[in-house]
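The data block below is target05.txt; it holds compact mmCIF, C-alpha atoms.
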# COMPACT_ATOMS: atom_id res chain seq x y z
CA MET G 1 13.94 -15.35 -30.02
CA ALA G 2 17.16 -13.32 -30.06
CA GLU G 3 19.94 -13.79 -27.53
CA PRO G 4 18.82 -12.53 -24.11
CA SER G 5 19.58 -8.87 -23.45
CA LYS G 6 18.76 -6.33 -20.76
CA VAL G 7 17.33 -4.22 -23.60
CA ILE G 8 13.78 -5.04 -24.76
CA HIS G 9 12.31 -3.91 -28.08
CA ILE G 10 8.55 -3.17 -27.99
CA ARG G 11 6.56 -2.96 -31.25
CA ASN G 12 3.13 -1.56 -32.17
CA VAL G 13 3.41 1.36 -29.73
CA GLY G 14 0.81 3.94 -30.76
CA HIS G 15 1.07 7.71 -30.37
CA GLU G 16 -1.44 7.59 -27.49
CA ILE G 17 0.91 5.46 -25.37
CA ALA G 18 3.27 7.25 -23.00
CA GLU G 19 6.58 5.99 -21.65
CA ALA G 20 5.00 5.67 -18.21
CA ASP G 21 2.47 3.20 -19.68
CA LEU G 22 5.27 0.96 -20.93
CA LEU G 23 7.00 1.11 -17.58
CA GLN G 24 3.87 -0.29 -15.94
CA LEU G 25 4.26 -3.46 -18.04
CA LEU G 26 7.81 -4.18 -16.93
CA GLN G 27 8.35 -2.71 -13.46
CA PRO G 28 6.72 -5.76 -11.78
CA PHE G 29 9.79 -7.74 -12.94
CA GLY G 30 12.49 -5.31 -11.82
CA ASN G 31 13.78 -1.77 -12.14
CA VAL G 32 13.84 -0.21 -15.61
CA SER G 33 17.09 1.75 -15.82
CA LYS G 34 16.59 3.49 -19.19
CA ILE G 35 13.81 3.97 -21.72
CA ALA G 36 14.06 4.59 -25.46
CA LEU G 37 13.90 1.04 -26.19
CA LEU G 38 13.45 -0.36 -22.65
CA GLN G 39 16.41 -1.48 -20.61
CA MET G 40 15.89 -3.54 -17.47
CA GLN G 41 18.33 -3.18 -14.59
CA ASP G 42 19.71 -6.70 -15.06
CA LEU G 43 19.44 -9.64 -17.45
CA HIS G 44 17.45 -11.85 -15.07
CA ASN G 45 14.65 -9.24 -14.86
CA SER G 46 14.56 -8.96 -18.65
CA VAL G 47 14.34 -12.74 -19.16
CA SER G 48 11.58 -13.03 -16.51
CA ALA G 49 9.55 -10.30 -18.22
CA LEU G 50 9.71 -11.88 -21.68
CA GLN G 51 9.01 -15.34 -20.34
CA TYR G 52 5.87 -13.98 -18.68
CA TYR G 53 4.69 -12.06 -21.74
CA SER G 54 5.25 -15.10 -23.97
CA THR G 55 2.13 -16.57 -22.29
CA VAL G 56 0.17 -13.35 -21.60
CA GLN G 57 -0.60 -10.82 -24.33
CA PRO G 58 0.57 -7.40 -23.07
CA SER G 59 -1.93 -4.62 -23.76
CA VAL G 60 -1.53 -0.88 -23.21
CA ARG G 61 -4.50 1.51 -23.52
CA GLY G 62 -6.40 -1.17 -25.47
CA ARG G 63 -3.55 -1.76 -27.94
CA ASN G 64 -1.67 -5.07 -28.07
CA VAL G 65 2.10 -4.57 -28.01
CA TYR G 66 4.82 -7.10 -28.83
CA MET G 67 8.18 -7.63 -27.15
CA GLN G 68 11.48 -9.18 -28.11
CA PHE G 69 15.08 -8.95 -26.98
CA SER G 70 16.98 -6.16 -28.70
CA SER G 71 20.27 -6.65 -30.51
CA HIS G 72 21.58 -3.90 -28.18
CA GLN G 73 23.09 -5.14 -24.93
CA GLU G 74 23.19 -1.64 -23.41
CA LEU G 75 21.47 1.69 -24.11
CA THR G 76 23.25 5.00 -24.10
CA THR G 77 21.13 7.70 -22.43
CA ASP G 78 19.49 10.38 -24.54
CA GLN G 79 20.33 13.41 -22.43
CA ASN G 80 17.52 15.43 -23.97
CA SER G 81 14.82 13.08 -22.70
CA HIS G 82 14.88 14.09 -19.05
CA GLY G 83 11.51 15.85 -19.24
CA ARG G 84 9.73 12.64 -20.24
CA ASN G 85 8.79 9.92 -17.75
CA SER G 86 9.92 12.33 -15.05
CA ASP G 87 8.20 10.85 -12.01
CA GLN G 88 9.74 7.38 -12.51
CA VAL G 89 13.21 8.82 -13.07
CA LEU G 90 12.96 11.03 -9.99
CA HIS G 91 11.60 8.18 -7.92
CA GLN G 92 14.52 5.96 -8.90
CA VAL G 93 16.99 8.69 -7.90
CA PHE G 94 15.41 9.85 -4.64
CA LYS G 95 14.15 6.54 -3.20
CA ALA G 96 17.75 5.60 -2.35
CA TYR G 97 17.55 8.02 0.60
CA GLY G 98 14.16 7.09 2.08
CA TYR G 99 10.53 6.32 1.40
CA VAL G 100 9.22 8.74 -1.25
CA GLU G 101 5.52 9.34 -0.57
CA LYS G 102 4.57 11.80 -3.35
CA ILE G 103 5.99 13.48 -6.46
CA VAL G 104 4.52 16.42 -8.38
CA THR G 105 6.22 17.73 -11.54
CA PHE G 106 5.54 20.89 -13.56
CA GLN G 107 7.04 23.18 -16.18
CA LYS G 108 7.87 26.81 -15.39
CA SER G 109 9.69 29.56 -17.23
CA ALA G 110 12.84 28.60 -15.33
CA GLY G 111 12.51 25.03 -16.65
CA PHE G 112 11.31 21.64 -15.48
CA GLN G 113 10.69 21.47 -11.70
CA ALA G 114 9.46 18.89 -9.17
CA LEU G 115 8.24 18.65 -5.60
CA ILE G 116 9.19 15.48 -3.73
CA GLN G 117 7.72 14.50 -0.36
CA TYR G 118 9.52 12.02 1.89
CA GLN G 119 8.05 10.09 4.80
CA SER G 120 10.30 11.90 7.27
CA LEU G 121 12.29 15.12 7.56
CA GLN G 122 15.51 13.17 8.13
CA GLU G 123 15.10 11.34 4.82
CA ALA G 124 14.59 14.68 3.04
CA MET G 125 17.72 16.09 4.70
CA ASP G 126 19.74 13.02 3.69
CA ALA G 127 18.60 13.35 0.07
CA PHE G 128 19.37 17.07 0.04
CA GLY G 129 22.87 16.49 1.35
CA ALA G 130 23.62 13.69 -1.08
CA LEU G 131 21.99 14.97 -4.28
CA HIS G 132 22.18 18.78 -4.36
CA GLY G 133 24.46 19.77 -7.24
CA ARG G 134 24.71 16.20 -8.57
CA ASN G 135 23.79 15.10 -12.13
CA ILE G 136 21.02 12.63 -12.90
CA TYR G 137 22.78 11.60 -16.13
CA ASP G 138 26.47 11.73 -16.86
CA GLY G 139 27.34 15.32 -17.69
CA CYS G 140 23.81 16.76 -17.56
CA CYS G 141 20.60 17.31 -15.58
CA GLN G 142 22.24 18.88 -12.55
CA LEU G 143 19.94 18.94 -9.54
CA ASP G 144 19.34 22.29 -7.83
CA ILE G 145 17.51 21.34 -4.62
CA GLN G 146 15.80 23.65 -2.12
CA TYR G 147 13.45 23.00 0.78
CA SER G 148 9.80 23.74 -0.02
CA ASN G 149 7.56 25.81 2.25
CA LEU G 150 4.75 23.28 1.66
CA SER G 151 4.19 20.83 4.50
CA GLU G 152 2.09 18.34 2.48
CA LEU G 153 1.62 17.71 -1.26
CA GLN G 154 -1.94 17.30 -2.56
CA VAL G 155 -2.00 14.61 -5.27
CA HIS G 156 -5.30 13.78 -6.97
CA TYR G 157 -4.11 11.66 -9.90
CA ASN G 158 -1.41 9.03 -10.50
CA ASN G 159 0.11 9.74 -13.89
CA ASP G 160 3.40 10.99 -15.35
CA ARG G 161 2.88 14.47 -13.85
CA SER G 162 2.01 13.49 -10.28
CA ARG G 163 2.04 10.33 -8.18
CA ASP G 164 1.07 9.35 -4.64
CA PHE G 165 3.04 6.21 -3.80
CA THR G 166 1.00 5.77 -0.59
CA ASN G 167 -2.28 5.59 -2.53
CA PRO G 168 -2.02 3.57 -5.77
CA SER G 169 -5.83 3.53 -6.16
CA LEU G 170 -5.94 7.17 -7.33
CA PRO G 171 -7.26 7.58 -10.89
CA THR G 172 -4.94 8.42 -13.76
CA GLU G 173 -7.24 11.25 -14.81
CA GLN G 174 -10.48 12.93 -13.70
CA ARG G 175 -13.46 10.61 -13.87
CA PRO G 176 -17.09 10.58 -12.66
CA ARG G 177 -17.62 10.03 -8.95
CA ALA G 178 -18.05 6.34 -8.17
CA SER G 179 -20.82 5.06 -5.93
CA GLN G 180 -18.24 4.13 -3.28
CA GLN G 181 -15.41 6.50 -4.04
CA GLY G 182 -12.16 5.70 -2.29
CA TYR G 183 -12.55 1.92 -2.48
CA PRO G 184 -10.79 -0.14 -5.15
CA ASP G 185 -12.83 -2.16 -7.62
CA PRO G 186 -13.15 -5.78 -6.43
CA GLY G 187 -10.72 -8.08 -8.18
CA GLY G 188 -8.69 -5.27 -9.72
CA LEU G 189 -5.56 -5.49 -7.60
CA TYR G 190 -3.76 -8.35 -9.28
CA ALA G 191 -5.35 -8.32 -12.70
CA PHE G 192 -1.88 -8.12 -14.25
CA GLN G 193 -1.73 -11.89 -13.78
CA GLN G 194 -4.60 -12.30 -16.23
CA PRO G 195 -4.58 -11.78 -20.02
CA GLY G 196 -5.95 -8.41 -21.12
CA ALA G 197 -5.27 -6.59 -17.85
CA SER G 198 -5.03 -2.82 -18.13
CA TYR G 199 -1.78 -0.91 -17.58
CA ALA G 200 -3.29 0.90 -14.57
CA GLN G 201 -4.17 -2.38 -12.85
CA MET G 202 -0.69 -3.75 -13.48
CA GLY G 203 0.94 -0.63 -12.08
CA ARG G 204 -1.22 -0.75 -8.98
CA ALA G 205 -0.44 -4.42 -8.52
CA ALA G 206 3.29 -3.75 -8.81
CA MET G 207 3.14 -1.04 -6.15
CA ILE G 208 1.24 -3.26 -3.73
CA THR G 209 3.57 -6.19 -4.39
CA ALA G 210 6.47 -3.85 -3.67
CA ALA G 211 4.94 -3.12 -0.27
CA PHE G 212 5.51 -6.77 0.61
CA GLY G 213 9.15 -6.68 -0.48
CA GLY G 214 8.54 -7.70 -4.10
CA THR G 215 6.62 -10.94 -3.42
CA LEU G 216 3.27 -11.64 -1.83
CA PRO G 217 3.14 -13.39 1.56
CA PRO G 218 3.28 -17.21 1.16
CA GLY G 219 -0.24 -18.51 0.65
CA VAL G 220 -1.65 -15.21 -0.65
CA THR G 221 -2.53 -15.49 -4.35
CA GLY G 222 -3.77 -11.95 -5.04
CA THR G 223 -6.49 -13.38 -7.32
CA ASN G 224 -9.42 -13.69 -4.89
CA GLU G 225 -12.50 -11.65 -5.86
CA ARG G 226 -14.77 -12.51 -2.91
CA CYS G 227 -15.14 -9.54 -0.57
CA THR G 228 -17.40 -10.92 2.17
CA LEU G 229 -16.14 -13.14 4.99
CA ILE G 230 -17.94 -15.35 7.50
CA VAL G 231 -16.35 -15.23 10.97
CA SER G 232 -17.41 -17.89 13.47
CA ASN G 233 -16.69 -19.11 17.02
CA LEU G 234 -16.99 -15.60 18.41
CA ASN G 235 -17.32 -14.91 22.13
CA THR G 236 -20.92 -13.68 22.22
CA ASP G 237 -20.51 -12.10 25.66
CA LYS G 238 -17.69 -9.78 24.62
CA ILE G 239 -17.78 -9.23 20.86
CA ASN G 240 -19.57 -6.49 18.91
CA GLU G 241 -19.34 -4.96 15.42
CA ASP G 242 -16.92 -2.21 16.40
CA LYS G 243 -14.46 -4.66 17.94
CA LEU G 244 -14.56 -6.76 14.76
CA PHE G 245 -14.02 -3.58 12.76
CA ASN G 246 -10.94 -2.72 14.85
CA LEU G 247 -9.41 -6.12 14.04
CA PHE G 248 -10.36 -6.62 10.39
CA SER G 249 -9.60 -3.02 9.39
CA LEU G 250 -5.90 -3.87 9.87
CA TYR G 251 -6.08 -5.64 6.50
CA GLY G 252 -8.32 -3.35 4.46
CA ASN G 253 -11.25 -0.96 4.43
CA ILE G 254 -14.50 -2.26 5.94
CA VAL G 255 -17.82 -1.75 4.14
CA ARG G 256 -20.29 -3.42 6.52
CA ILE G 257 -20.35 -5.86 9.45
CA LYS G 258 -23.35 -7.88 10.56
CA ILE G 259 -23.60 -10.22 13.58
CA LEU G 260 -26.13 -12.93 12.71
CA ARG G 261 -29.20 -12.92 14.96
CA ASN G 262 -29.90 -16.64 14.51
CA LYS G 263 -26.21 -17.49 15.09
CA PRO G 264 -24.80 -14.84 17.44
CA ASP G 265 -21.34 -16.43 17.42
CA HIS G 266 -21.19 -15.80 13.63
CA ALA G 267 -20.65 -12.50 11.80
CA LEU G 268 -20.37 -11.35 8.20
CA VAL G 269 -17.58 -8.89 7.37
CA GLU G 270 -17.63 -7.18 3.97
CA MET G 271 -14.29 -5.71 2.90
CA ALA G 272 -13.59 -3.22 0.14
CA ASP G 273 -12.02 -5.71 -2.27
CA GLY G 274 -11.03 -9.33 -2.70
CA PHE G 275 -7.34 -8.84 -2.02
CA GLN G 276 -7.97 -7.22 1.35
CA ALA G 277 -10.43 -10.02 2.21
CA GLU G 278 -7.75 -12.57 1.32
CA LEU G 279 -5.25 -10.86 3.61
CA ALA G 280 -7.76 -11.02 6.50
CA VAL G 281 -8.36 -14.74 5.95
CA HIS G 282 -4.62 -15.37 5.67
CA TYR G 283 -3.61 -13.53 8.83
CA LEU G 284 -6.63 -14.04 11.13
CA LYS G 285 -7.64 -17.66 10.55
CA GLY G 286 -7.01 -19.41 13.87
CA ALA G 287 -6.31 -16.22 15.82
CA VAL G 288 -7.55 -16.28 19.42
CA LEU G 289 -9.89 -13.51 20.55
CA PHE G 290 -11.58 -13.45 23.97
CA ALA G 291 -10.49 -17.10 24.59
CA LYS G 292 -12.08 -18.28 21.31
CA LYS G 293 -10.19 -19.52 18.25
CA LEU G 294 -11.58 -17.64 15.25
CA GLU G 295 -12.71 -19.35 12.08
CA VAL G 296 -12.45 -16.98 9.11
CA ASN G 297 -13.68 -18.10 5.70
CA TYR G 298 -15.17 -16.68 2.52
CA SER G 299 -18.94 -16.22 2.63
CA LYS G 300 -21.36 -17.47 -0.03
CA TYR G 301 -22.87 -13.96 0.00
CA PRO G 302 -21.18 -11.46 -2.36
CA ASN G 303 -21.99 -8.52 -0.05
CA ILE G 304 -23.95 -7.46 3.01
CA THR G 305 -27.25 -5.76 2.23
CA SER G 306 -27.75 -2.41 3.91
CA ALA G 307 -30.11 -2.98 6.85
CA PRO G 308 -30.70 -1.69 10.40
CA ASP G 309 -28.83 -4.68 11.87
CA ALA G 310 -25.84 -4.23 9.53
CA HIS G 311 -23.31 -1.67 10.74
CA ASP G 312 -22.11 0.50 7.82
CA TYR G 313 -18.49 1.71 7.83
CA THR G 314 -18.19 3.04 4.27
CA THR G 315 -17.81 6.62 5.43
CA SER G 316 -15.87 5.90 8.61
CA SER G 317 -12.75 8.01 9.07
CA LEU G 318 -11.33 5.09 11.04
CA ASN G 319 -10.90 2.98 7.91
CA ARG G 320 -7.13 2.70 7.77
CA PHE G 321 -6.71 2.33 3.99
CA ASN G 322 -8.21 5.70 3.04
CA SER G 323 -4.64 7.05 3.07
CA ASN G 324 -1.06 5.73 3.35
CA VAL G 325 -2.19 2.61 1.51
CA ILE G 326 1.25 1.16 0.77
CA LYS G 327 2.42 1.80 4.33
CA ASN G 328 -0.63 -0.03 5.68
CA TYR G 329 -0.06 -3.03 3.41
CA ARG G 330 3.57 -3.10 4.54
CA HIS G 331 2.47 -3.37 8.19
CA CYS G 332 0.03 -6.26 7.62
CA CYS G 333 0.84 -9.27 9.79
CA ALA G 334 -0.77 -11.92 11.98
CA PRO G 335 -1.50 -10.91 15.59
CA THR G 336 1.67 -10.47 17.65
CA LYS G 337 2.47 -9.88 21.30
CA MET G 338 3.39 -6.26 20.56
CA ILE G 339 0.99 -3.41 19.83
CA HIS G 340 1.93 -0.02 18.42
CA ILE G 341 -0.07 3.00 19.65
CA SER G 342 -0.05 6.30 17.75
CA ALA G 343 -1.92 9.64 17.86
CA LEU G 344 -1.02 9.98 21.54
CA PRO G 345 -1.18 13.29 23.43
CA GLN G 346 2.20 15.05 23.54
CA GLU G 347 2.36 15.11 27.35
CA ILE G 348 1.29 11.48 27.83
CA THR G 349 3.17 9.28 30.31
CA GLU G 350 3.80 5.53 30.30
CA ASP G 351 1.73 5.14 33.46
CA VAL G 352 -1.34 6.66 31.80
CA ILE G 353 -0.95 4.36 28.77
CA LEU G 354 -0.49 1.30 30.98
CA ASN G 355 -3.55 2.21 32.99
CA HIS G 356 -5.51 2.34 29.72
CA VAL G 357 -4.50 -1.08 28.33
CA SER G 358 -3.21 -3.27 31.18
CA GLU G 359 -6.67 -4.64 32.04
CA HIS G 360 -6.35 -6.85 28.95
CA GLY G 361 -3.26 -8.79 30.04
CA SER G 362 0.20 -8.87 31.56
CA VAL G 363 2.45 -6.17 30.14
CA VAL G 364 6.06 -7.35 29.74
CA ASN G 365 7.65 -4.13 28.47
CA THR G 366 6.81 -0.64 27.22
CA LYS G 367 8.51 2.07 25.20
CA LEU G 368 7.33 5.65 24.75
CA PHE G 369 9.03 7.52 21.89
CA GLU G 370 8.62 10.30 19.34
CA VAL G 371 8.66 10.22 15.51
CA ASN G 372 8.52 13.50 13.58
CA GLY G 373 7.33 15.25 16.71
CA LYS G 374 4.47 12.78 17.32
CA ARG G 375 4.26 10.64 20.46
CA GLN G 376 3.97 6.89 19.96
CA ALA G 377 4.31 3.80 22.13
CA LEU G 378 5.08 0.09 21.95
CA ILE G 379 3.42 -2.23 24.47
CA GLN G 380 4.55 -5.85 24.73
CA PHE G 381 2.13 -8.36 26.28
CA GLU G 382 2.82 -11.92 27.42
CA SER G 383 0.70 -13.43 24.63
CA GLU G 384 -0.77 -12.69 21.21
CA GLU G 385 -4.26 -13.21 22.66
CA GLU G 386 -3.77 -10.45 25.26
CA ALA G 387 -2.39 -8.04 22.65
CA THR G 388 -5.31 -8.82 20.32
CA GLU G 389 -7.84 -8.15 23.07
CA ALA G 390 -6.17 -4.82 23.88
CA LEU G 391 -6.21 -3.81 20.21
CA VAL G 392 -9.87 -4.64 19.52
CA SER G 393 -10.97 -3.06 22.81
CA LYS G 394 -8.89 0.12 22.82
CA HIS G 395 -8.28 1.07 19.17
CA ALA G 396 -10.08 4.37 18.38
CA THR G 397 -10.81 5.06 22.06
CA SER G 398 -10.19 8.44 23.66
CA LEU G 399 -7.11 8.95 25.82
CA GLU G 400 -6.71 12.40 27.36
CA GLY G 401 -8.73 13.91 24.53
CA ASN G 402 -6.98 12.11 21.65
CA THR G 403 -8.47 9.29 19.56
CA ILE G 404 -5.65 6.76 19.63
CA ARG G 405 -4.83 4.26 16.90
CA ILE G 406 -3.50 0.77 17.59
CA SER G 407 -1.96 -1.83 15.29
CA PHE G 408 0.23 -4.90 15.71
CA SER G 409 3.98 -4.36 15.62
CA GLN G 410 6.24 -6.86 13.88
CA MET G 411 9.06 -6.14 16.33
CA GLN G 412 10.03 -9.15 18.43
CA SER G 413 11.17 -7.19 21.47
CA ILE G 414 11.67 -3.66 22.74

structure tokens encoding of this file:
Amino acid sequence: MAEPSKVIHIRNVGHEIAEADLLQLLQPFGNVSKIALLQMQDLHNSVSALQYYSTVQPSVRGRNVYMQFSSHQELTTDQNSHGRNSDQVLHQVFKAYGYVEKIVTFQKSAGFQALIQYQSLQEAMDAFGALHGRNIYDGCCQLDIQYSNLSELQVHYNNDRSRDFTNPSLPTEQRPRASQQGYPDPGGLYAFQQPGASYAQMGRAAMITAAFGGTLPPGVTGTNERCTLIVSNLNTDKINEDKLFNLFSLYGNIVRIKILRNKPDHALVEMADGFQAELAVHYLKGAVLFAKKLEVNYSKYPNITSAPDAHDYTTSSLNRFNSNVIKNYRHCCAPTKMIHISALPQEITEDVILNHVSEHGSVVNTKLFEVNGKRQALIQFESEEEATEALVSKHATSLEGNTIRISFSQMQSI
């Protein structure tokens, strides 16, 4: 092997392979700063990538590719290549000013153009102020930025022309409708850890890993393929399927839930994929709900059969991971003393909110605030158990005509 370099040489790259495909192989190890050969942002990332691919055969679009360190220590940028790999380049530039949700690129008579959607208006304003008139590369690719009259970008595919960073499960191209469209294939999330994984799986895995700050939570492997959980030690007087849905849907989309008739303190919960099931086990095992310490384990059953006593949630609009997927992964945590309430009526008062949730425990502090013109609230209880009871009981309930949404907040205090 040659002397380590930030620049990686990749061989056996066929004409069907795009630059974006190659990026999917290496972005899990760090930022790629240039592509012709491939240059990682720093030497450590480059060494990590080649160490990994010395034990796993990298494959792109069914073709095995081979990597080695280049004799080049640094790449000079080809200034004529700015139209290729556009979404990754734009994402690298614009993410410095906020969370980029979506990018759409297209060619017009005036030249190459792009639409970029931020999470908030302030982030868009910051990017405009910092980048308008600036060059992407030294001496070329000057940015001419204007505000769009579109309020929301519609992205249907994740490829090098469009990308929804909040929904990595979108297909790369049009494909036949799946039997459960909108849910990821079980076991597909972290297939980049296994030999022969596809470039799409690796890219999706990298995006989800990024949601957790670049590494998975301690104890989460990302390799589990079992989707169905057995939950025991439930309070039979107070629990029902919808309350279980409100809790477990914090960690992924719910397919079905069934409370066992012969063991009413046991329930089966089928989640959309193995990774989401693993998150639920990780964060909820030992949580206290209605004065009972929950036991959450993997079930021997691969799924829950559709039946009158099995509640089906596949088409529920309350499944949280139908949109803003990365944001939802980022907010995953064990139960806390603090709940976050959104989708509140604009004229709501703290007293009305307190009247709605205070039956579930002692409220220590509250905060009513606004984000992007939408009313939200933080409610701090004395204990995690009280906050959990409020969440499972009041999530998706109606408050002054609005269906409110509740999740745990990772804030320690208000």

In Å, rounded to a single decimal, give me how far atom CA of G:Leu344 is from atom CA of G:Gln276.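 Computing it gives 27.4 Å between the two atoms.
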
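For the residues G:His360, G:His266, G:Lys6, G:His395, ranking by smallest atom-to-atom distance to G:Leu43 using only C-alpha atoms places G:Lys6 first.
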
List as an MDAnalysis selection string the residues having at least one atom at most 10 Å from position (16.0, -13.9, -19.0) as given in the file, counting only C-alpha atoms. chainID G and resid 3:6 42:51 69

Which of G:Ile254, G:Ile239, G:Ala377, G:Ala343 sits closest to G:Gly401 [using all atoms listed in the file]: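 Ranked by minimum distance to G:Gly401, first place goes to G:Ala343.
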
What is the distance between atom CA of G:Thr305 and atom CA of G:Arg256, in Å to one decimal?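 Computing the Euclidean distance for atom CA of G:Thr305 and atom CA of G:Arg256 yields 8.5 Å.
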
Could you state the separation of atom CA of G:Ala267 and atom CA of G:Val231 in Å, given to one decimal place?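 The value is 5.2 Å.
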
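Taking only C-alpha atoms into account, G:Lys102 lies nearest to G:Tyr157 out of the set G:Tyr313, G:Tyr298, G:Tyr147, G:Tyr157.
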
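With only the atoms specified (all atoms listed in the file) counting, those residues at most 9 Å away from (12.9, 20.4, -0.1) are G:Leu115, G:Ile116, G:Gln117, G:Ala124, G:Met125, G:Phe128, G:Ile145, G:Gln146, G:Tyr147, G:Ser148, G:Asn149, G:Leu150.
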
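Near G:Leu368, within 8 Å and counting all atoms listed in the file, sit Thr349, Glu350, Arg375, Gln376, Ala377 and Leu378 of chain G; same-chain residues fewer than 3 positions away were not included.
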
Contact residues around G:Glu101 with all atoms listed in the file at 12 Å, ignoring same-chain residues under 2 positions, as number ranges by chain: G: 87, 91, 94-95, 98-99, 103-104, 115-120, 123-124, 152-155, 162-168, 323-327

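Remark: for G:Asn297, the closest of the candidate residues G:Lys285, G:Lys238, G:His331, G:Lys374 is G:Lys285 (distances computed over all atoms listed in the file).
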
Residue contacts of G:Val281 (12 Å, all atoms listed in the file) excluding same-chain residues fewer than 2 positions away, as an NGL selection string: :G and (219-221 or 224 or 226-231 or 247-248 or 250-252 or 269 or 271 or 274-279 or 283-287 or 294-299 or 333-334)

Dump as a JSON list (two decimals), in the frame of the given file, selection limited to C-alpha atoms:
[["chain", "number", "residue", "atom", "x", "y", "z"],
["G", 219, "GLY", "CA", -0.24, -18.51, 0.65],
["G", 220, "VAL", "CA", -1.65, -15.21, -0.65],
["G", 221, "THR", "CA", -2.53, -15.49, -4.35],
["G", 224, "ASN", "CA", -9.42, -13.69, -4.89],
["G", 226, "ARG", "CA", -14.77, -12.51, -2.91],
["G", 227, "CYS", "CA", -15.14, -9.54, -0.57],
["G", 228, "THR", "CA", -17.40, -10.92, 2.17],
["G", 229, "LEU", "CA", -16.14, -13.14, 4.99],
["G", 230, "ILE", "CA", -17.94, -15.35, 7.50],
["G", 231, "VAL", "CA", -16.35, -15.23, 10.97],
["G", 247, "LEU", "CA", -9.41, -6.12, 14.04],
["G", 248, "PHE", "CA", -10.36, -6.62, 10.39],
["G", 250, "LEU", "CA", -5.90, -3.87, 9.87],
["G", 251, "TYR", "CA", -6.08, -5.64, 6.50],
["G", 252, "GLY", "CA", -8.32, -3.35, 4.46],
["G", 269, "VAL", "CA", -17.58, -8.89, 7.37],
["G", 271, "MET", "CA", -14.29, -5.71, 2.90],
["G", 274, "GLY", "CA", -11.03, -9.33, -2.70],
["G", 275, "PHE", "CA", -7.34, -8.84, -2.02],
["G", 276, "GLN", "CA", -7.97, -7.22, 1.35],
["G", 277, "ALA", "CA", -10.43, -10.02, 2.21],
["G", 278, "GLU", "CA", -7.75, -12.57, 1.32],
["G", 279, "LEU", "CA", -5.25, -10.86, 3.61],
["G", 283, "TYR", "CA", -3.61, -13.53, 8.83],
["G", 284, "LEU", "CA", -6.63, -14.04, 11.13],
["G", 285, "LYS", "CA", -7.64, -17.66, 10.55],
["G", 286, "GLY", "CA", -7.01, -19.41, 13.87],
["G", 287, "ALA", "CA", -6.31, -16.22, 15.82],
["G", 294, "LEU", "CA", -11.58, -17.64, 15.25],
["G", 295, "GLU", "CA", -12.71, -19.35, 12.08],
["G", 296, "VAL", "CA", -12.45, -16.98, 9.11],
["G", 297, "ASN", "CA", -13.68, -18.10, 5.70],
["G", 298, "TYR", "CA", -15.17, -16.68, 2.52],
["G", 299, "SER", "CA", -18.94, -16.22, 2.63],
["G", 333, "CYS", "CA", 0.84, -9.27, 9.79],
["G", 334, "ALA", "CA", -0.77, -11.92, 11.98]]

Minimum-distance residue to G:Cys141, chosen among G:Ser316, G:Gln122, G:Gln113, G:Ser398 (using only C-alpha atoms): G:Gln113

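For the choices G:Asn240, G:Ser169, G:Gln410, G:Gln142, the atom-to-atom distance to G:Arg330 is smallest for G:Gln410 when using all atoms listed in the file.
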